[in-house]
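Notes for the one structure printed next.
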Amino acid sequence: MIFQRAAIREFTHTAVGVFVALFAILMTTQLIRLLGDAAGGKLASEAVIALLGFRAISYLPVLLSLTLFVAVLMTLSRWYRDSEMVVWLSSGIPLTAWVKPVLKFVGPPVLVIAVLSLLLAPWATQKSEAYRQSMDQRDDVARVSPGAFNESSGADRVFFVESVAGEDGKVKNVFISSIQQGRLGVMATAQGHTETVPNGDRFLVLDHGRRYEGTAGTPEYRVMEFDRYALRIETKEARGFEDSPRTKPVWELVRDPQAAHLAELLWRLGLPLAALNLAVLAIPLAFVNPRAGRTNNLIFALLTYMIYSNLLSVSQAWVAQGKLRFEIGVWAVHVGMFVLLLVLFYRRQNPLAWGKLRWR
């Protein structure tokens with residue numbers, strides 16, 4: 001019908017604009033965080049783009065769910081404000097007739113959300129964590145940014161390297177401040193290099209430098225000159241990948257149904273169901289009373305989305321803690337929101353009956 005084609009067309013145009021705006025905001029905030037980590041020496045500059053891409057995939061299910069909800073809400077709210085909805089309702093089309101075009105519009109995106117939530121987002125999270133850990137496990141010399149003060153991975157040393165030359169790990173004009181057994185030590189040397197011993201430990205070897213050692217607040221200190229000073233910067237046992245339910249594929253969660261895995265499975269299954277529920281829920285929430293403020297329905301819709309999302313998080317936490325059975329938690333929140341959906345549809349379809357029921 002004409003109204004279905006018009007609705008789907010405007011839903012699509014609005015969704016594209018909303019998604020671009022939300023995606024730009026998300027990428028900007030994540031880029032600022034990653035650049036801050038890179039500037040502080042916690043992250044290699046070449047890893048920023050890769051981690052940004054992995055995070056974009058991880059956040060896409062939630063972003064698409066919010067996009068569908070806002071697109072349907074904004075489109076129907078505009079129709080109410082411009083009296084277009086009055087024309088359709090006066091033509092004999094009930095409010096429930098909007099369910100069909102909304103389902104046609106959200107059907108393909110919900111399938112995409114399901115694929116992202118169940119398959120791609122866990123893969124992206126796993127790759128992101130593995131990439132970040134590989135960056136964190138670099139030795140302290142590889143972590144430093146030349147010309148800037150950088151803290152070591154153990155937070156017990158501060159490095160300053162003026163320059164790094166060659167592939168053999170040679171460094172020039174090195175300054176290191178460290179605390180050992182409660183005494184502050186400061187070392188300075190013109191050059192150094194890295195070495196790996198047979199057991200896999202890595203050392204930063206300083207050549208021909210000085211070490212100043214003392215206790216803060218006291219005049220006692222000593223100066224030592226050395227021809228060779230070695231600092232251990234990495235051990236072979238430090239390498240490894242810490243696995244978590246967020247990084248496991250869905251078939252591993254099903255194969256090992258412990259509480260943490262079931263909680264993660266509940267969250268992944270809940271995202272596409274929540275996206276479908278919210279899109280249909282936006283139909284009665286979009287109602288705008290011309291005599292009331294235009295933002296009242298938007299505030300109520302925002303609160304509904306926040307409550308829905310928080311209830312999903314609470315259900316996930318309760319399943320992980322063993323306070324709620326997975327068989328109940330996986331559908332309880334969605335059924336509750338579906339009941340609210342039916343109540344709101346009844347309220348919009350029968351406003352007089354609702355008023356009589358309320359005044360009784």
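Chain labels follow the order of the structure tokens: the first chain is A, the next B, and so on; residue numbering restarts at 1 in every chain, and ligands are counted from 1 in their shown order.
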
Residues flagged helix (DSSP H, G or I) by DSSP in segment 172-274 of chain A, as a list in words: Lys236, Glu237, Ala238, Pro245, Arg246, Thr247, Val250, Trp251, Glu252, Leu253, Val254, Arg255, Ala259, Ala260, His261, Leu262, Ala263, Glu264, Leu265, Leu266, Trp267, Arg268, Leu269, Gly270, Leu271, Pro272, Leu273 and Ala274 of chain A

Contacts of segment 66-68 of chain A within 10 Å, only C-alpha atoms, excl. fewer than 5 positions in-chain, as a PyMOL selection string: chain A and resi 11-12+14-23+60-61+73+102+105-106+109-110+274-276+278-280+282+305

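Separating atom CA of Leu76 of chain A from atom CA of Ala6 of chain A is a distance of 11.3 Å.
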
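Pairwise distance (atom CA of Ser309 of chain A, atom CA of Asp256 of chain A) equals 26.0 Å.
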
Could you pull the residues within 12 Å of Leu266 of chain A, counting only C-alpha atoms, minus those fewer than 3 positions along the same chain, as an mmCIF file with all heavy atoms, in the first residue's frame?
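Dumped everything to around_18.cif:
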```cif
data_model
loop_
_atom_site.group_PDB
_atom_site.id
_atom_site.type_symbol
_atom_site.label_atom_id
_atom_site.label_comp_id
_atom_site.auth_asym_id
_atom_site.auth_seq_id
_atom_site.Cartn_x
_atom_site.Cartn_y
_atom_site.Cartn_z
ATOM 1 N N SER A 117 26.248 -9.975 16.445
ATOM 2 C CA SER A 117 26.259 -10.286 17.874
ATOM 3 C C SER A 117 26.776 -11.692 18.145
ATOM 4 O O SER A 117 27.549 -11.902 19.087
ATOM 5 C CB SER A 117 24.849 -10.117 18.449
ATOM 6 O OG SER A 117 24.805 -10.513 19.800
ATOM 7 N N LEU A 118 26.367 -12.660 17.329
ATOM 8 C CA LEU A 118 26.715 -14.053 17.593
ATOM 9 C C LEU A 118 28.075 -14.442 17.025
ATOM 10 O O LEU A 118 28.751 -15.318 17.592
ATOM 11 C CB LEU A 118 25.642 -14.978 17.015
ATOM 12 C CG LEU A 118 24.249 -14.866 17.649
ATOM 13 C CD1 LEU A 118 23.254 -15.737 16.897
ATOM 14 C CD2 LEU A 118 24.290 -15.267 19.121
ATOM 15 N N PRO A 245 34.842 -15.004 28.316
ATOM 16 C CA PRO A 245 33.609 -15.340 27.584
ATOM 17 C C PRO A 245 33.301 -14.383 26.441
ATOM 18 O O PRO A 245 32.689 -14.782 25.444
ATOM 19 C CB PRO A 245 32.545 -15.280 28.681
ATOM 20 C CG PRO A 245 33.275 -15.569 29.946
ATOM 21 C CD PRO A 245 34.629 -14.945 29.764
ATOM 22 N N ARG A 246 33.702 -13.125 26.555
ATOM 23 C CA ARG A 246 33.416 -12.146 25.509
ATOM 24 C C ARG A 246 34.142 -12.456 24.209
ATOM 25 O O ARG A 246 33.729 -12.005 23.142
ATOM 26 C CB ARG A 246 33.793 -10.748 25.989
ATOM 27 C CG ARG A 246 32.975 -10.257 27.162
ATOM 28 C CD ARG A 246 33.420 -8.885 27.656
ATOM 29 N NE ARG A 246 33.270 -7.879 26.639
ATOM 30 C CZ ARG A 246 34.286 -7.247 26.053
ATOM 31 N NH1 ARG A 246 35.535 -7.559 26.374
ATOM 32 N NH2 ARG A 246 34.068 -6.338 25.138
ATOM 33 N N VAL A 250 30.307 -18.626 19.687
ATOM 34 C CA VAL A 250 29.051 -19.053 20.299
ATOM 35 C C VAL A 250 29.011 -20.556 20.523
ATOM 36 O O VAL A 250 28.427 -21.032 21.504
ATOM 37 C CB VAL A 250 27.866 -18.576 19.432
ATOM 38 C CG1 VAL A 250 27.887 -19.240 18.068
ATOM 39 C CG2 VAL A 250 26.546 -18.816 20.133
ATOM 40 N N LEU A 253 30.559 -21.447 23.805
ATOM 41 C CA LEU A 253 29.693 -21.105 24.930
ATOM 42 C C LEU A 253 28.635 -22.182 25.139
ATOM 43 O O LEU A 253 28.320 -22.548 26.273
ATOM 44 C CB LEU A 253 29.021 -19.751 24.683
ATOM 45 C CG LEU A 253 29.945 -18.547 24.517
ATOM 46 C CD1 LEU A 253 29.122 -17.286 24.270
ATOM 47 C CD2 LEU A 253 30.822 -18.344 25.739
ATOM 48 N N VAL A 254 28.062 -22.686 24.039
ATOM 49 C CA VAL A 254 27.041 -23.726 24.144
ATOM 50 C C VAL A 254 27.656 -25.048 24.603
ATOM 51 O O VAL A 254 27.061 -25.789 25.387
ATOM 52 C CB VAL A 254 26.320 -23.902 22.785
ATOM 53 C CG1 VAL A 254 25.322 -25.049 22.847
ATOM 54 C CG2 VAL A 254 25.615 -22.606 22.392
ATOM 55 N N PRO A 257 28.464 -25.062 29.127
ATOM 56 C CA PRO A 257 27.411 -24.205 29.703
ATOM 57 C C PRO A 257 27.634 -23.842 31.169
ATOM 58 O O PRO A 257 26.784 -24.087 32.012
ATOM 59 C CB PRO A 257 26.155 -25.065 29.518
ATOM 60 C CG PRO A 257 26.650 -26.466 29.620
ATOM 61 C CD PRO A 257 28.016 -26.470 29.003
ATOM 62 N N ALA A 259 28.196 -20.811 34.156
ATOM 63 C CA ALA A 259 27.402 -19.600 34.404
ATOM 64 C C ALA A 259 27.889 -18.418 33.574
ATOM 65 O O ALA A 259 27.089 -17.694 32.969
ATOM 66 C CB ALA A 259 27.428 -19.266 35.894
ATOM 67 N N ALA A 260 29.199 -18.198 33.526
ATOM 68 C CA ALA A 260 29.732 -17.046 32.784
ATOM 69 C C ALA A 260 29.445 -17.166 31.292
ATOM 70 O O ALA A 260 29.125 -16.171 30.624
ATOM 71 C CB ALA A 260 31.231 -16.914 33.026
ATOM 72 N N HIS A 261 29.528 -18.381 30.755
ATOM 73 C CA HIS A 261 29.263 -18.581 29.331
ATOM 74 C C HIS A 261 27.779 -18.400 29.010
ATOM 75 O O HIS A 261 27.424 -17.826 27.980
ATOM 76 C CB HIS A 261 29.733 -19.976 28.917
ATOM 77 C CG HIS A 261 31.214 -20.135 28.953
ATOM 78 N ND1 HIS A 261 31.845 -21.338 28.702
ATOM 79 C CD2 HIS A 261 32.211 -19.241 29.219
ATOM 80 C CE1 HIS A 261 33.151 -21.175 28.796
ATOM 81 N NE2 HIS A 261 33.399 -19.910 29.110
ATOM 82 N N LEU A 262 26.913 -18.897 29.881
ATOM 83 C CA LEU A 262 25.480 -18.718 29.659
ATOM 84 C C LEU A 262 25.090 -17.249 29.732
ATOM 85 O O LEU A 262 24.212 -16.789 28.992
ATOM 86 C CB LEU A 262 24.700 -19.539 30.679
ATOM 87 C CG LEU A 262 24.782 -21.067 30.538
ATOM 88 C CD1 LEU A 262 24.016 -21.751 31.660
ATOM 89 C CD2 LEU A 262 24.237 -21.513 29.181
ATOM 90 N N ALA A 263 25.722 -16.505 30.636
ATOM 91 C CA ALA A 263 25.431 -15.070 30.740
ATOM 92 C C ALA A 263 25.832 -14.337 29.473
ATOM 93 O O ALA A 263 25.104 -13.462 28.980
ATOM 94 C CB ALA A 263 26.162 -14.480 31.948
ATOM 95 N N LEU A 269 22.166 -13.267 22.455
ATOM 96 C CA LEU A 269 20.831 -13.558 21.938
ATOM 97 C C LEU A 269 19.869 -12.406 22.199
ATOM 98 O O LEU A 269 18.912 -12.195 21.437
ATOM 99 C CB LEU A 269 20.287 -14.838 22.591
ATOM 100 C CG LEU A 269 20.996 -16.144 22.227
ATOM 101 C CD1 LEU A 269 20.441 -17.291 23.068
ATOM 102 C CD2 LEU A 269 20.842 -16.450 20.751
ATOM 103 N N GLY A 270 20.099 -11.655 23.265
ATOM 104 C CA GLY A 270 19.187 -10.576 23.629
ATOM 105 C C GLY A 270 19.267 -9.376 22.717
ATOM 106 O O GLY A 270 18.267 -8.641 22.564
ATOM 107 N N LEU A 271 20.415 -9.127 22.064
ATOM 108 C CA LEU A 271 20.562 -7.936 21.231
ATOM 109 C C LEU A 271 19.612 -7.936 20.031
ATOM 110 O O LEU A 271 18.909 -6.942 19.810
ATOM 111 C CB LEU A 271 22.016 -7.794 20.787
ATOM 112 C CG LEU A 271 22.994 -7.355 21.872
ATOM 113 C CD1 LEU A 271 24.416 -7.310 21.317
ATOM 114 C CD2 LEU A 271 22.609 -5.996 22.433
ATOM 115 N N PRO A 272 19.553 -8.983 19.203
ATOM 116 C CA PRO A 272 18.581 -8.940 18.091
ATOM 117 C C PRO A 272 17.133 -8.941 18.563
ATOM 118 O O PRO A 272 16.279 -8.279 17.955
ATOM 119 C CB PRO A 272 18.914 -10.193 17.278
ATOM 120 C CG PRO A 272 19.662 -11.076 18.201
ATOM 121 C CD PRO A 272 20.398 -10.186 19.132
ATOM 122 N N LEU A 273 16.826 -9.665 19.645
ATOM 123 C CA LEU A 273 15.461 -9.648 20.167
ATOM 124 C C LEU A 273 15.092 -8.264 20.680
ATOM 125 O O LEU A 273 13.962 -7.791 20.469
ATOM 126 C CB LEU A 273 15.324 -10.679 21.287
ATOM 127 C CG LEU A 273 15.455 -12.152 20.866
ATOM 128 C CD1 LEU A 273 15.401 -13.052 22.091
ATOM 129 C CD2 LEU A 273 14.361 -12.525 19.884
ATOM 130 N N ALA A 274 16.019 -7.613 21.351
ATOM 131 C CA ALA A 274 15.757 -6.258 21.847
ATOM 132 C C ALA A 274 15.575 -5.280 20.692
ATOM 133 O O ALA A 274 14.721 -4.386 20.754
ATOM 134 C CB ALA A 274 16.903 -5.808 22.749
ATOM 135 N N LEU A 311 18.058 -3.665 32.083
ATOM 136 C CA LEU A 311 17.481 -4.944 32.503
ATOM 137 C C LEU A 311 18.217 -6.117 31.846
ATOM 138 O O LEU A 311 18.414 -7.165 32.473
ATOM 139 C CB LEU A 311 15.989 -4.987 32.150
ATOM 140 C CG LEU A 311 15.068 -4.138 33.030
ATOM 141 C CD1 LEU A 311 13.631 -4.207 32.526
ATOM 142 C CD2 LEU A 311 15.130 -4.588 34.493
ATOM 143 N N LEU A 312 18.620 -5.948 30.595
ATOM 144 C CA LEU A 312 19.415 -6.988 29.946
ATOM 145 C C LEU A 312 20.757 -7.189 30.658
ATOM 146 O O LEU A 312 21.203 -8.318 30.875
ATOM 147 C CB LEU A 312 19.662 -6.623 28.481
ATOM 148 C CG LEU A 312 18.548 -6.915 27.481
ATOM 149 C CD1 LEU A 312 18.963 -6.465 26.088
ATOM 150 C CD2 LEU A 312 18.213 -8.393 27.466
ATOM 151 N N SER A 313 21.385 -6.074 31.033
ATOM 152 C CA SER A 313 22.660 -6.171 31.744
ATOM 153 C C SER A 313 22.483 -6.822 33.107
ATOM 154 O O SER A 313 23.324 -7.632 33.536
ATOM 155 C CB SER A 313 23.280 -4.778 31.896
ATOM 156 O OG SER A 313 23.521 -4.182 30.642
ATOM 157 N N VAL A 314 21.392 -6.464 33.811
ATOM 158 C CA VAL A 314 21.131 -7.067 35.121
ATOM 159 C C VAL A 314 20.868 -8.564 34.979
ATOM 160 O O VAL A 314 21.372 -9.376 35.777
ATOM 161 C CB VAL A 314 19.942 -6.361 35.799
ATOM 162 C CG1 VAL A 314 19.503 -7.119 37.056
ATOM 163 C CG2 VAL A 314 20.316 -4.932 36.171
ATOM 164 N N SER A 315 20.098 -8.954 33.973
ATOM 165 C CA SER A 315 19.838 -10.375 33.745
ATOM 166 C C SER A 315 21.136 -11.118 33.457
ATOM 167 O O SER A 315 21.358 -12.233 33.961
ATOM 168 C CB SER A 315 18.863 -10.555 32.579
ATOM 169 O OG SER A 315 17.624 -9.944 32.851
ATOM 170 N N GLN A 316 22.002 -10.508 32.658
ATOM 171 C CA GLN A 316 23.287 -11.139 32.360
ATOM 172 C C GLN A 316 24.113 -11.313 33.632
ATOM 173 O O GLN A 316 24.710 -12.375 33.860
ATOM 174 C CB GLN A 316 24.056 -10.290 31.348
ATOM 175 C CG GLN A 316 25.408 -10.885 30.961
ATOM 176 C CD GLN A 316 26.219 -9.942 30.097
ATOM 177 O OE1 GLN A 316 25.942 -8.742 30.017
ATOM 178 N NE2 GLN A 316 27.235 -10.472 29.437
ATOM 179 N N ALA A 317 24.143 -10.275 34.482
ATOM 180 C CA ALA A 317 24.916 -10.362 35.729
ATOM 181 C C ALA A 317 24.334 -11.410 36.671
ATOM 182 O O ALA A 317 25.082 -12.171 37.306
ATOM 183 C CB ALA A 317 24.954 -8.992 36.403
ATOM 184 N N TRP A 318 23.021 -11.482 36.763
ATOM 185 C CA TRP A 318 22.393 -12.465 37.662
ATOM 186 C C TRP A 318 22.634 -13.895 37.190
ATOM 187 O O TRP A 318 22.850 -14.791 38.006
ATOM 188 C CB TRP A 318 20.902 -12.189 37.759
ATOM 189 C CG TRP A 318 20.575 -11.032 38.665
ATOM 190 C CD1 TRP A 318 21.463 -10.285 39.381
ATOM 191 C CD2 TRP A 318 19.281 -10.490 38.938
ATOM 192 N NE1 TRP A 318 20.813 -9.297 40.078
ATOM 193 C CE2 TRP A 318 19.467 -9.406 39.831
ATOM 194 C CE3 TRP A 318 17.996 -10.799 38.509
ATOM 195 C CZ2 TRP A 318 18.403 -8.651 40.309
ATOM 196 C CZ3 TRP A 318 16.937 -10.040 38.980
ATOM 197 C CH2 TRP A 318 17.137 -8.987 39.873
ATOM 198 N N VAL A 319 22.599 -14.116 35.877
ATOM 199 C CA VAL A 319 22.896 -15.455 35.363
ATOM 200 C C VAL A 319 24.360 -15.812 35.635
ATOM 201 O O VAL A 319 24.681 -16.949 36.020
ATOM 202 C CB VAL A 319 22.583 -15.535 33.861
ATOM 203 C CG1 VAL A 319 23.103 -16.836 33.261
ATOM 204 C CG2 VAL A 319 21.084 -15.423 33.623
ATOM 205 N N ALA A 320 25.262 -14.851 35.457
ATOM 206 C CA ALA A 320 26.677 -15.113 35.720
ATOM 207 C C ALA A 320 26.928 -15.416 37.196
ATOM 208 O O ALA A 320 27.803 -16.215 37.538
ATOM 209 C CB ALA A 320 27.516 -13.911 35.285
ATOM 210 N N LEU A 324 19.949 -16.295 38.794
ATOM 211 C CA LEU A 324 18.832 -16.437 37.859
ATOM 212 C C LEU A 324 19.164 -17.548 36.883
ATOM 213 O O LEU A 324 20.287 -17.627 36.368
ATOM 214 C CB LEU A 324 18.595 -15.118 37.115
ATOM 215 C CG LEU A 324 17.436 -15.066 36.112
ATOM 216 C CD1 LEU A 324 16.101 -15.198 36.833
ATOM 217 C CD2 LEU A 324 17.478 -13.756 35.311
ATOM 218 N N ARG A 325 18.192 -18.411 36.633
ATOM 219 C CA ARG A 325 18.385 -19.481 35.667
ATOM 220 C C ARG A 325 18.424 -18.921 34.244
ATOM 221 O O ARG A 325 17.688 -17.993 33.912
ATOM 222 C CB ARG A 325 17.267 -20.518 35.795
ATOM 223 C CG ARG A 325 17.310 -21.321 37.080
ATOM 224 C CD ARG A 325 16.099 -22.236 37.169
ATOM 225 N NE ARG A 325 16.016 -23.124 36.018
ATOM 226 C CZ ARG A 325 16.635 -24.297 35.939
ATOM 227 N NH1 ARG A 325 17.373 -24.716 36.956
ATOM 228 N NH2 ARG A 325 16.504 -25.058 34.861
ATOM 229 N N PHE A 326 19.273 -19.496 33.429
ATOM 230 C CA PHE A 326 19.397 -19.042 32.049
ATOM 231 C C PHE A 326 18.082 -19.201 31.298
ATOM 232 O O PHE A 326 17.709 -18.342 30.491
ATOM 233 C CB PHE A 326 20.510 -19.830 31.346
ATOM 234 C CG PHE A 326 20.579 -19.592 29.869
ATOM 235 C CD1 PHE A 326 21.161 -18.442 29.374
ATOM 236 C CD2 PHE A 326 20.050 -20.522 28.971
ATOM 237 C CE1 PHE A 326 21.227 -18.216 27.997
ATOM 238 C CE2 PHE A 326 20.109 -20.302 27.607
ATOM 239 C CZ PHE A 326 20.698 -19.147 27.121
ATOM 240 N N GLU A 327 17.367 -20.302 31.549
ATOM 241 C CA GLU A 327 16.103 -20.559 30.861
ATOM 242 C C GLU A 327 15.070 -19.485 31.140
ATOM 243 O O GLU A 327 14.160 -19.261 30.334
ATOM 244 C CB GLU A 327 15.546 -21.926 31.270
ATOM 245 C CG GLU A 327 16.390 -23.118 30.827
ATOM 246 C CD GLU A 327 17.603 -23.335 31.723
ATOM 247 O OE1 GLU A 327 17.719 -22.613 32.729
ATOM 248 O OE2 GLU A 327 18.434 -24.213 31.406
ATOM 249 N N ILE A 328 15.177 -18.805 32.270
ATOM 250 C CA ILE A 328 14.246 -17.721 32.610
ATOM 251 C C ILE A 328 14.788 -16.377 32.129
ATOM 252 O O ILE A 328 14.075 -15.570 31.538
ATOM 253 C CB ILE A 328 13.981 -17.688 34.123
ATOM 254 C CG1 ILE A 328 13.328 -19.003 34.571
ATOM 255 C CG2 ILE A 328 13.100 -16.500 34.507
ATOM 256 C CD1 ILE A 328 13.108 -19.098 36.071
ATOM 257 N N GLY A 329 16.053 -16.136 32.383
ATOM 258 C CA GLY A 329 16.645 -14.844 32.032
ATOM 259 C C GLY A 329 16.676 -14.559 30.555
ATOM 260 O O GLY A 329 16.605 -13.395 30.139
ATOM 261 N N VAL A 330 16.763 -15.608 29.705
ATOM 262 C CA VAL A 330 16.905 -15.384 28.281
ATOM 263 C C VAL A 330 15.635 -14.820 27.653
ATOM 264 O O VAL A 330 15.683 -14.200 26.577
ATOM 265 C CB VAL A 330 17.322 -16.709 27.593
ATOM 266 C CG1 VAL A 330 16.154 -17.679 27.523
ATOM 267 C CG2 VAL A 330 17.903 -16.443 26.206
ATOM 268 N N TRP A 331 14.468 -15.006 28.300
ATOM 269 C CA TRP A 331 13.227 -14.489 27.703
ATOM 270 C C TRP A 331 12.455 -13.540 28.615
ATOM 271 O O TRP A 331 11.557 -12.834 28.142
ATOM 272 C CB TRP A 331 12.300 -15.653 27.333
ATOM 273 C CG TRP A 331 11.927 -16.565 28.477
ATOM 274 C CD1 TRP A 331 12.508 -17.734 28.815
ATOM 275 C CD2 TRP A 331 10.889 -16.354 29.448
ATOM 276 N NE1 TRP A 331 11.916 -18.288 29.935
ATOM 277 C CE2 TRP A 331 10.906 -17.447 30.335
ATOM 278 C CE3 TRP A 331 9.939 -15.352 29.650
ATOM 279 C CZ2 TRP A 331 10.033 -17.563 31.413
ATOM 280 C CZ3 TRP A 331 9.069 -15.472 30.727
ATOM 281 C CH2 TRP A 331 9.113 -16.563 31.593
ATOM 282 N N ALA A 332 12.760 -13.498 29.918
ATOM 283 C CA ALA A 332 11.937 -12.742 30.869
ATOM 284 C C ALA A 332 11.852 -11.255 30.508
ATOM 285 O O ALA A 332 10.757 -10.668 30.471
ATOM 286 C CB ALA A 332 12.482 -12.920 32.286
ATOM 287 N N VAL A 333 12.979 -10.620 30.258
ATOM 288 C CA VAL A 333 12.984 -9.181 29.962
ATOM 289 C C VAL A 333 12.241 -8.899 28.661
ATOM 290 O O VAL A 333 11.448 -7.940 28.575
ATOM 291 C CB VAL A 333 14.431 -8.661 29.886
ATOM 292 C CG1 VAL A 333 14.446 -7.181 29.492
ATOM 293 C CG2 VAL A 333 15.141 -8.854 31.211
ATOM 294 N N HIS A 334 12.432 -9.718 27.650
ATOM 295 C CA HIS A 334 11.804 -9.483 26.347
ATOM 296 C C HIS A 334 10.285 -9.677 26.430
ATOM 297 O O HIS A 334 9.533 -8.920 25.808
ATOM 298 C CB HIS A 334 12.412 -10.420 25.314
ATOM 299 C CG HIS A 334 13.896 -10.331 25.225
ATOM 300 N ND1 HIS A 334 14.552 -9.230 24.712
ATOM 301 C CD2 HIS A 334 14.866 -11.206 25.607
ATOM 302 C CE1 HIS A 334 15.852 -9.431 24.767
ATOM 303 N NE2 HIS A 334 16.072 -10.623 25.299
#
```

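By chain and then residue number, the residues within 7 Å of Asp227 of chain A are A:Asp207, A:His208, A:Gly209, counting only C-alpha atoms and disregarding those fewer than 6 positions away in sequence.
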
Restricting the output to all heavy atoms, write the selected residues as a tab-separated table (two decimals), in the first residue's frame.
```
chain	number	residue	atom	x	y	z
A	207	ASP	N	75.54	1.09	28.36
A	207	ASP	CA	77.01	1.11	28.24
A	207	ASP	C	77.56	2.44	28.71
A	207	ASP	O	77.09	3.51	28.29
A	207	ASP	CB	77.42	0.88	26.77
A	207	ASP	CG	76.87	-0.43	26.22
A	207	ASP	OD1	76.88	-1.43	26.96
A	207	ASP	OD2	76.42	-0.44	25.05
A	208	HIS	N	78.57	2.34	29.61
A	208	HIS	CA	79.34	3.51	30.04
A	208	HIS	C	78.42	4.65	30.51
A	208	HIS	O	78.25	5.68	29.85
A	208	HIS	CB	80.22	4.02	28.89
A	208	HIS	CG	81.10	2.96	28.31
A	208	HIS	ND1	82.17	2.39	28.99
A	208	HIS	CD2	81.06	2.32	27.09
A	208	HIS	CE1	82.76	1.48	28.24
A	208	HIS	NE2	82.10	1.41	27.08
A	209	GLY	N	77.83	4.46	31.69
A	209	GLY	CA	76.95	5.47	32.23
A	209	GLY	C	77.14	5.67	33.72
A	209	GLY	O	78.10	5.16	34.32
```

Judged by only C-alpha atoms, the minimum distance to Thr215 of chain A among A:Ser244, A:Ser65, A:Ser178, A:Asn199 is found for A:Ser178

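Around Gln191 of chain A, within 10 Å and counting only C-alpha atoms, the residues found are Val161, Glu162, Ser163, Val164, Lys170, Val171, Lys172, Asn173, Val174, Phe175, Ala188, Val205, Leu206, Asp207, His208 and Gly209 of chain A, once anything fewer than 3 positions away on its own chain is removed.
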
Enumerate as number ranges by chain all residues of segment 5-215 of chain A assigned to strand (DSSP E or B) by DSSP on the backbone, naming them with the chain letters and numbers the document uses. A: 149-151, 157-165, 170-180, 183-196, 202-214

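Interatomic distance, atom CA of Lys248 of chain A to atom CA of Trp123 of chain A: 7.7 Å.
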
Can you tell me, as a PyMOL selection string, what residues are no more than 10 Å from segment 88-101 of chain A when counting only C-alpha atoms, ignoring any on the same chain fewer than 6 positions away? chain A and resi 1+3-9+11+76+79+107+279-281+283-284+345-346+348-349

Could you take the residues named above and write them with C-alpha atoms, as a CSV table (one decimal), in the first residue's frame?
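Result saved to part-v2.csv:
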```
chain,number,residue,atom,x,y,z
A,1,MET,CA,0.0,0.0,0.0
A,3,PHE,CA,1.4,4.3,3.3
A,4,GLN,CA,3.7,1.2,3.7
A,5,ARG,CA,6.0,2.3,0.9
A,6,ALA,CA,6.1,5.9,2.2
A,7,ALA,CA,6.8,4.6,5.7
A,8,ILE,CA,9.6,2.2,4.7
A,9,ARG,CA,11.2,4.9,2.5
A,11,PHE,CA,12.4,4.9,7.8
A,76,LEU,CA,6.3,8.6,13.2
A,79,TRP,CA,4.1,12.4,11.1
A,107,GLY,CA,13.8,-7.5,9.3
A,279,ALA,CA,11.5,-1.0,16.8
A,280,VAL,CA,7.8,-2.1,17.2
A,281,LEU,CA,7.7,-0.4,20.6
A,283,ILE,CA,5.2,2.9,17.2
A,284,PRO,CA,3.0,3.7,20.2
A,345,PHE,CA,-1.0,-0.2,21.7
A,346,TYR,CA,-4.2,-0.7,23.7
A,348,ARG,CA,-3.3,4.4,21.8
A,349,GLN,CA,-6.1,2.4,20.1
```

List the neighbours of Met187 of chain A out to 7 Å using only C-alpha atoms; skip same-chain residues closer than 3 positions along the sequence, and give me the result as a PDB file with N, CA, C and O atoms, in the first residue's frame.
```pdb
ATOM      1  N   PHE A 175      67.693   7.875  29.719  1.00  0.00           N
ATOM      2  CA  PHE A 175      67.496   8.285  31.118  1.00  0.00           C
ATOM      3  C   PHE A 175      66.463   7.339  31.728  1.00  0.00           C
ATOM      4  O   PHE A 175      65.389   7.146  31.166  1.00  0.00           O
ATOM      5  N   ILE A 176      66.820   6.708  32.867  1.00  0.00           N
ATOM      6  CA  ILE A 176      65.923   5.761  33.530  1.00  0.00           C
ATOM      7  C   ILE A 176      65.843   6.108  35.007  1.00  0.00           C
ATOM      8  O   ILE A 176      66.872   6.241  35.687  1.00  0.00           O
ATOM      9  N   SER A 177      64.619   6.257  35.498  1.00  0.00           N
ATOM     10  CA  SER A 177      64.377   6.475  36.923  1.00  0.00           C
ATOM     11  C   SER A 177      63.599   5.274  37.453  1.00  0.00           C
ATOM     12  O   SER A 177      62.550   4.920  36.910  1.00  0.00           O
ATOM     13  N   ARG A 210      76.233   6.380  34.333  1.00  0.00           N
ATOM     14  CA  ARG A 210      76.266   6.650  35.767  1.00  0.00           C
ATOM     15  C   ARG A 210      74.914   6.338  36.383  1.00  0.00           C
ATOM     16  O   ARG A 210      73.883   6.467  35.726  1.00  0.00           O
ATOM     17  N   ARG A 211      74.981   5.929  37.663  1.00  0.00           N
ATOM     18  CA  ARG A 211      73.764   5.678  38.435  1.00  0.00           C
ATOM     19  C   ARG A 211      73.833   6.487  39.714  1.00  0.00           C
ATOM     20  O   ARG A 211      74.814   6.401  40.469  1.00  0.00           O
ATOM     21  N   TYR A 212      72.792   7.287  39.951  1.00  0.00           N
ATOM     22  CA  TYR A 212      72.660   8.082  41.169  1.00  0.00           C
ATOM     23  C   TYR A 212      71.582   7.420  42.023  1.00  0.00           C
ATOM     24  O   TYR A 212      70.447   7.237  41.578  1.00  0.00           O
TER      25      TYR A 212
END
```
